[in-house]
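Dumped run-v1.csv below, it's CSV, C-alpha atoms:
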chain,number,residue,atom,x,y,z
O,773,MET,CA,26.7,-114.9,-11.0
O,774,ARG,CA,26.6,-111.1,-11.0
O,775,LYS,CA,29.1,-111.0,-8.1
O,776,ARG,CA,31.6,-113.2,-10.0
O,777,ARG,CA,31.5,-110.9,-13.1
O,778,ASN,CA,32.2,-107.9,-10.8
O,779,SER,CA,35.0,-109.7,-9.1
O,780,SER,CA,36.6,-110.4,-12.4
O,781,ALA,CA,36.4,-106.8,-13.5
O,782,ASP,CA,37.9,-105.7,-10.2
O,783,LEU,CA,40.8,-108.1,-10.7
O,784,GLU,CA,41.4,-106.9,-14.2
O,785,ARG,CA,41.4,-103.2,-13.1
O,786,GLU,CA,43.8,-104.1,-10.3
O,787,VAL,CA,46.2,-105.9,-12.7
O,788,ILE,CA,46.1,-103.0,-15.1
O,789,LEU,CA,46.8,-100.5,-12.4
O,790,SER,CA,49.7,-102.6,-11.0
O,791,VAL,CA,51.3,-102.7,-14.4
O,792,ILE,CA,51.0,-98.9,-14.9
O,793,ILE,CA,52.4,-98.3,-11.4
O,794,LEU,CA,55.3,-100.7,-12.2
O,795,TYR,CA,56.0,-98.9,-15.5
O,796,VAL,CA,56.0,-95.5,-13.9
O,797,LEU,CA,58.3,-96.8,-11.1
O,798,ILE,CA,60.8,-98.2,-13.7
O,799,CYS,CA,60.7,-95.0,-15.8
O,800,ALA,CA,61.3,-92.9,-12.7
O,801,ALA,CA,64.3,-95.0,-11.6
O,802,MET,CA,65.8,-94.9,-15.1
O,803,ILE,CA,65.4,-91.1,-15.3
O,804,GLY,CA,66.8,-90.7,-11.7
O,805,ILE,CA,69.9,-92.8,-12.6
O,806,HIS,CA,70.4,-90.9,-15.8
O,807,TYR,CA,70.4,-87.5,-14.0
O,808,ALA,CA,72.4,-88.8,-11.0
O,809,GLN,CA,75.3,-89.8,-13.2
O,810,PRO,CA,78.1,-87.2,-12.7
O,811,GLY,CA,78.6,-85.1,-15.9
O,812,GLY,CA,81.9,-85.0,-17.7
O,813,THR,CA,83.0,-88.4,-16.6
O,814,ALA,CA,83.6,-91.3,-19.0
O,815,THR,CA,81.4,-94.3,-18.6
O,816,VAL,CA,83.1,-97.7,-18.6
O,817,THR,CA,81.8,-101.2,-19.3
O,818,SER,CA,82.7,-104.6,-17.9
O,819,SER,CA,81.9,-106.2,-21.3
O,820,SER,CA,84.6,-108.2,-23.0
O,821,SER,CA,82.9,-107.6,-26.4
O,822,PRO,CA,85.1,-106.1,-29.1
O,823,SER,CA,82.4,-103.6,-29.9
O,824,HIS,CA,82.7,-102.2,-26.3
O,825,ALA,CA,86.4,-101.9,-26.5
O,826,GLU,CA,87.8,-98.4,-25.8
O,827,GLY,CA,88.1,-96.3,-29.0
O,828,SER,CA,85.6,-98.4,-31.0
O,829,GLY,CA,82.4,-97.2,-32.6
O,830,ARG,CA,81.4,-93.9,-34.0
O,831,ASN,CA,83.4,-91.9,-31.4
O,832,ARG,CA,86.7,-93.2,-32.8
O,833,GLN,CA,88.9,-90.5,-34.4

Write out the structure in this file as structure tokens.
Amino acid sequence: MRKRRNSSADLEREVILSVIILYVLICAAMIGIHYAQPGGTATVTSSSSPSHAEGSGRNRQ
């Protein structure tokens, strides 16, 4: 029975480590995409929502 308890703890550690690695990978990808975007260019959206329309929101003057 001792072996089964150890195996369960090993599985728990492996799952926790996998989640942490996945989180770090996603964060690194998001940061990389953020800094890879060329500066000074306007971003566009393919959304048809009125709130995403050009000139809407707090940047409207």

#### Entry: d(CA of Gln809 (chain O), CA of Ala825 (chain O)) in Å
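Pair CA of Gln809 (chain O) / CA of Ala825 (chain O) returns 21.1 Å.
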
### Query
Do you know which residues lie at most 10 Å from (83.5, -95.6, -19.6), with coordinates as in the file and all atoms listed in the file counted, and could you write them as a list in words?
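Within the cut-off we find Thr813, Ala814, Thr815, Val816, Thr817, Ser818, His824, Ala825 and Glu826 of chain O.
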
### Query
At what distance in Å, to one decimal, does CA of Gly811 (chain O) lie from CA of Val796 (chain O)?
25.0 Å

### Query
So what do you get for CA of Ile805 (chain O) versus CA of Ile793 (chain O), distance-wise?
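Computed distance, CA of Ile805 (chain O) to CA of Ile793 (chain O), equals 18.4 Å.
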